[in-house]
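Take a look at the structure set out below.
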Amino acid sequence: MAGMPTAIIAEDEPILREQLEAKLARLWPELEIVASVEDGEAALEALEARAPDFMFLDIQMPEISGVDVARRVGGRSHVVFVTAYDQYAIQAFETGAVDYILKPATDERLSVTVERLKRKAASPPANIDAVIAKLVEQAQGRRGRLQWIKATMGQNLRLIPVADVLFFQSDEKYTRVVSADSEALIKTPIRELLDGLDPAVFWQIHRSTVVNVNAIAGVTRDFRGQARVKIKGKDESLVVSRVYSHLFKQM
């Protein structure tokens, strides 16, 4: 590799993209970011135009994903996948042929990646076909399940692991996302969230409420038979509509 090393960043969340750029600038000042783009199509255009040494690719961009882009790299660049914590993806990287960054990236984890990439810089990019095949296979096995919730808090984007969510509760405009230590509002409606949630873990108990069954501390009923779900670690209880009361017949 002659001259300064170059890289492309492809990440569809602007806040996360800017954070990664800033962290790389601080941890690897010699690295020149020649393009920072928000989708796979732009990443492919930048690959052809700039021929970077490294490509940081968000796995789950819409339309053309980071995996799709990686297929087209063809050994021209070292690939680093950017992913939210997801065991299916981590397992695919066990070969060491490609590195990965968990988002939002921490300085500590990113510095490890930077040192690895510096060592790889003098070598030709590895063949990552096997990694890509495993990612595709495991992604299909997940059937599009949600792994995290993206919630904007002021100027910050928070990624909340779905497994940490105690319950979702919506009104006309927003959906509350409640975890043990935080609460956020998102614009995704309950009916849309349900398409990506595991029905064995997340039960709809009201047209506006979905609860994580692992968060249920108990169920109470008033004199009219109205059921309410008590949530572990929370003072509030959630109303169970009669349509869904059959879920708790044995409780």
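Just remember, in the structure tokens the first chain shown is A, the second B, etc., residues are 1-based per chain, and ligands are 1-based in the order shown.
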
Practice prompt. Apply DSSP to the backbone of this structure and, from stretch 60-246 of chain A, keep only the residues in alpha helix (DSSP H); write these as a ChimeraX atom specification.
Written response: /A:66-73,87-92,107-120,129-142,190-196

Discussion item. Residues within 10 Å of A:Leu194, please, as a PyMOL selection string. Count only C-alpha atoms; anything in the same chain fewer than 2 positions from it doesn't count.
Written reply: chain A and resi 145-146+189-192+196-199+202-204+210

Could you save the residues just selected, with C-alpha atoms, as a CSV table (one decimal), in the first residue's frame?
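Contents of result12.csv, as written:
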```
chain,number,residue,atom,x,y,z
A,145,ARG,CA,-36.6,-10.4,13.2
A,146,LEU,CA,-35.8,-7.1,14.9
A,189,PRO,CA,-46.5,1.9,15.2
A,190,ILE,CA,-47.2,-1.3,17.2
A,191,ARG,CA,-48.6,-3.2,14.2
A,192,GLU,CA,-45.3,-2.6,12.3
A,196,GLY,CA,-40.4,-8.1,13.4
A,197,LEU,CA,-40.9,-9.3,17.0
A,198,ASP,CA,-40.6,-12.9,18.1
A,199,PRO,CA,-44.3,-13.9,19.0
A,202,PHE,CA,-43.5,-10.5,22.8
A,203,TRP,CA,-47.2,-10.9,23.4
A,204,GLN,CA,-49.7,-8.3,22.4
A,210,VAL,CA,-46.9,-5.4,23.5
```

Worksheet item: Nearest to A:Val162: which of A:Gln147, A:Ala215, A:Val239, A:Ala180 is it, counting only C-alpha atoms?
Response: A:Gln147

Which residues of stretch 130-203 of chain A have any atom within 12 Å of an atom in stretch 69-77 of chain A when counting only C-alpha atoms, and what is the closest pair of atoms for each, with the distance in Å to one decimal? Order the rows by chain and rising number and write it as CSV.
```
residue,atom,partner,partner_atom,distance
A:Ala130,CA,A:Arg71,CA,10.7
A:Val131,CA,A:Ala70,CA,10.1
A:Ile132,CA,A:Arg71,CA,7.4
A:Ala133,CA,A:Arg71,CA,9.7
A:Leu135,CA,A:Ala70,CA,11.3
A:Val136,CA,A:Arg71,CA,11.0
```

Test item: residues at most 12 Å from stretch 118-128 of chain A, only C-alpha atoms, excluding those fewer than 2 positions along its chain, as an mmCIF file with C-alpha atoms, in the first residue's frame:
```
data_model
loop_
_atom_site.group_PDB
_atom_site.id
_atom_site.type_symbol
_atom_site.label_atom_id
_atom_site.label_comp_id
_atom_site.auth_asym_id
_atom_site.auth_seq_id
_atom_site.Cartn_x
_atom_site.Cartn_y
_atom_site.Cartn_z
ATOM 1 C CA MET A 1 0.000 0.000 0.000
ATOM 2 C CA ALA A 2 1.649 3.205 -1.195
ATOM 3 C CA GLY A 3 0.911 6.569 0.419
ATOM 4 C CA MET A 4 -1.817 7.195 2.961
ATOM 5 C CA PRO A 5 -4.324 4.380 3.480
ATOM 6 C CA THR A 6 -7.823 5.204 2.206
ATOM 7 C CA ALA A 7 -11.298 4.092 3.247
ATOM 8 C CA LEU A 27 -7.665 6.786 16.437
ATOM 9 C CA TRP A 28 -6.118 6.528 12.951
ATOM 10 C CA GLU A 30 -3.265 8.681 8.778
ATOM 11 C CA LEU A 31 -6.401 7.070 7.321
ATOM 12 C CA PRO A 52 -10.143 2.321 -1.364
ATOM 13 C CA ASP A 53 -7.876 0.141 0.736
ATOM 14 C CA PHE A 54 -10.640 -0.413 3.306
ATOM 15 C CA MET A 55 -14.436 -0.426 3.255
ATOM 16 C CA VAL A 67 -23.263 -7.869 2.393
ATOM 17 C CA ALA A 70 -19.041 -6.902 -0.130
ATOM 18 C CA ARG A 71 -19.940 -9.437 -2.831
ATOM 19 C CA ARG A 72 -18.892 -6.883 -5.433
ATOM 20 C CA VAL A 73 -15.613 -5.907 -3.788
ATOM 21 C CA GLY A 74 -13.937 -8.934 -5.330
ATOM 22 C CA GLY A 75 -10.728 -8.792 -3.336
ATOM 23 C CA ARG A 76 -10.027 -5.144 -4.151
ATOM 24 C CA SER A 77 -10.439 -3.821 -0.598
ATOM 25 C CA HIS A 78 -10.236 -5.060 2.968
ATOM 26 C CA VAL A 79 -13.810 -5.223 4.290
ATOM 27 C CA VAL A 80 -14.950 -4.307 7.805
ATOM 28 C CA PHE A 81 -18.606 -4.995 8.571
ATOM 29 C CA ALA A 92 -19.838 -15.538 10.814
ATOM 30 C CA PHE A 93 -16.635 -13.631 11.569
ATOM 31 C CA GLU A 94 -14.911 -16.449 13.427
ATOM 32 C CA THR A 95 -12.683 -17.231 10.445
ATOM 33 C CA GLY A 96 -10.874 -13.910 10.917
ATOM 34 C CA ALA A 97 -11.005 -13.232 7.167
ATOM 35 C CA VAL A 98 -12.977 -10.056 7.807
ATOM 36 C CA ASP A 99 -13.200 -7.763 10.804
ATOM 37 C CA SER A 111 -8.784 0.697 18.401
ATOM 38 C CA VAL A 112 -8.481 -3.116 18.263
ATOM 39 C CA THR A 113 -9.906 -3.086 14.735
ATOM 40 C CA VAL A 114 -7.552 -0.289 13.678
ATOM 41 C CA GLU A 115 -4.494 -2.243 14.845
ATOM 42 C CA ARG A 116 -5.702 -5.339 12.992
ATOM 43 C CA ALA A 130 -17.319 -18.072 2.956
ATOM 44 C CA VAL A 131 -18.099 -15.286 5.450
ATOM 45 C CA ILE A 132 -20.663 -13.753 3.094
ATOM 46 C CA ALA A 133 -22.326 -17.128 2.499
ATOM 47 C CA LYS A 134 -22.631 -17.685 6.247
ATOM 48 C CA LEU A 135 -24.046 -14.195 6.824
#
```

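Nearest residue to A:Val178, choosing from A:Lys232, A:Arg224, A:His246, A:Arg207 and counting only C-alpha atoms: A:Lys232.
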
Discussion item. Applying 12 Å and only C-alpha atoms, which residues near stretch 20-22 of chain A remain after dropping the ones on its own chain fewer than 2 positions away? List them as a PyMOL selection string.
Written reply: chain A and resi 7-11+13-18+24-29+31-37+56-58+82+101-107+109-111

Worksheet entry | Polymer residues at most 12 Å from A:Asp222, only C-alpha atoms, same-chain spacing of 4 or more positions, as a list of chain:residue names |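 Selected residues are A:Gln226, A:Ala227, A:Arg228, A:Val229, A:Val239, A:Val240.
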
Keeping only C-alpha atoms, write the selected residues to a file as a short mmCIF file (atom, residue, chain, number, x, y, z; two decimals), in the first residue's frame.
```cif
data_model
loop_
_atom_site.label_atom_id
_atom_site.label_comp_id
_atom_site.auth_asym_id
_atom_site.auth_seq_id
_atom_site.Cartn_x
_atom_site.Cartn_y
_atom_site.Cartn_z
CA GLN A 226 -60.25 -6.90 34.21
CA ALA A 227 -56.71 -8.31 33.99
CA ARG A 228 -53.61 -6.18 34.45
CA VAL A 229 -49.99 -7.25 33.94
CA VAL A 239 -54.20 -3.31 31.00
CA VAL A 240 -54.99 -6.59 29.22
#
```

Item to complete: Write out as a ChimeraX atom specification all residues of stretch 1-235 of chain A that backbone DSSP assigns to strand (DSSP E).
Response: /A:6-10,32-37,54-58,78-84,99-103,148-153,156-161,165-170,175-179,183-186,202-206,209-212,216-221,227-231

Item to complete: Tell me, in Å to one decimal, how far atom CA of A:Glu108 is from atom CA of A:Ser65.
Response: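 We find that atom CA of A:Glu108 and atom CA of A:Ser65 lie 26.3 Å from each other.
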
Practice prompt. Tell me which protein, DNA and RNA residues are within 9 Å of A:Pro161, counting only C-alpha atoms, leaving out same-chain ones fewer than 5 positions away, and put them as an MDAnalysis selection string.
Written response: chainID A and resid 84:85 146:150

Kindly save the residues from that selection, with N, CA and C atoms included, as a CSV table (one decimal), in the first residue's frame.
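In the end it all went to selection_24.csv:
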```csv
chain,number,residue,atom,x,y,z
A,84,ALA,N,-24.9,-4.0,14.6
A,84,ALA,CA,-25.4,-4.0,15.9
A,84,ALA,C,-25.1,-5.4,16.5
A,85,TYR,N,-25.1,-5.5,17.8
A,85,TYR,CA,-24.8,-6.7,18.4
A,85,TYR,C,-25.8,-7.8,18.0
A,146,LEU,N,-36.5,-8.3,14.4
A,146,LEU,CA,-35.8,-7.1,14.9
A,146,LEU,C,-34.8,-7.5,15.9
A,147,GLN,N,-33.6,-6.9,15.9
A,147,GLN,CA,-32.6,-7.2,16.9
A,147,GLN,C,-32.4,-6.0,17.8
A,148,TRP,N,-32.7,-4.8,17.3
A,148,TRP,CA,-32.6,-3.6,18.2
A,148,TRP,C,-33.6,-2.6,17.7
A,149,ILE,N,-33.8,-1.6,18.6
A,149,ILE,CA,-34.7,-0.5,18.3
A,149,ILE,C,-33.9,0.8,18.2
A,150,LYS,N,-34.1,1.5,17.1
A,150,LYS,CA,-33.4,2.8,16.9
A,150,LYS,C,-34.2,3.9,17.5
```

Discussion item. Residues near A:Ala184, anyone? I mean within 10 Å using only C-alpha atoms, not counting same-chain ones fewer than 2 positions away, as a ChimeraX atom specification.
Written reply: /A:149-153,158,160,168,174-179,182,186

Serialized selection, C-alpha atoms, as a tab-separated table (two decimals), in the first residue's frame:
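The resulting result35.tsv:
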```
chain	number	residue	atom	x	y	z
A	149	ILE	CA	-34.72	-0.50	18.26
A	150	LYS	CA	-33.37	2.78	16.94
A	151	ALA	CA	-34.51	5.68	19.12
A	152	THR	CA	-33.44	9.30	18.72
A	153	MET	CA	-32.82	11.13	21.99
A	158	ARG	CA	-29.67	5.14	20.90
A	160	ILE	CA	-31.82	-0.48	22.32
A	168	PHE	CA	-44.00	-1.21	23.95
A	174	TYR	CA	-45.57	7.68	19.19
A	175	THR	CA	-44.65	4.34	20.70
A	176	ARG	CA	-43.03	4.18	24.14
A	177	VAL	CA	-40.08	1.80	24.34
A	178	VAL	CA	-39.54	0.94	28.02
A	179	SER	CA	-36.50	-0.95	29.30
A	182	SER	CA	-34.55	3.94	30.19
A	186	ILE	CA	-40.24	6.11	18.43
```
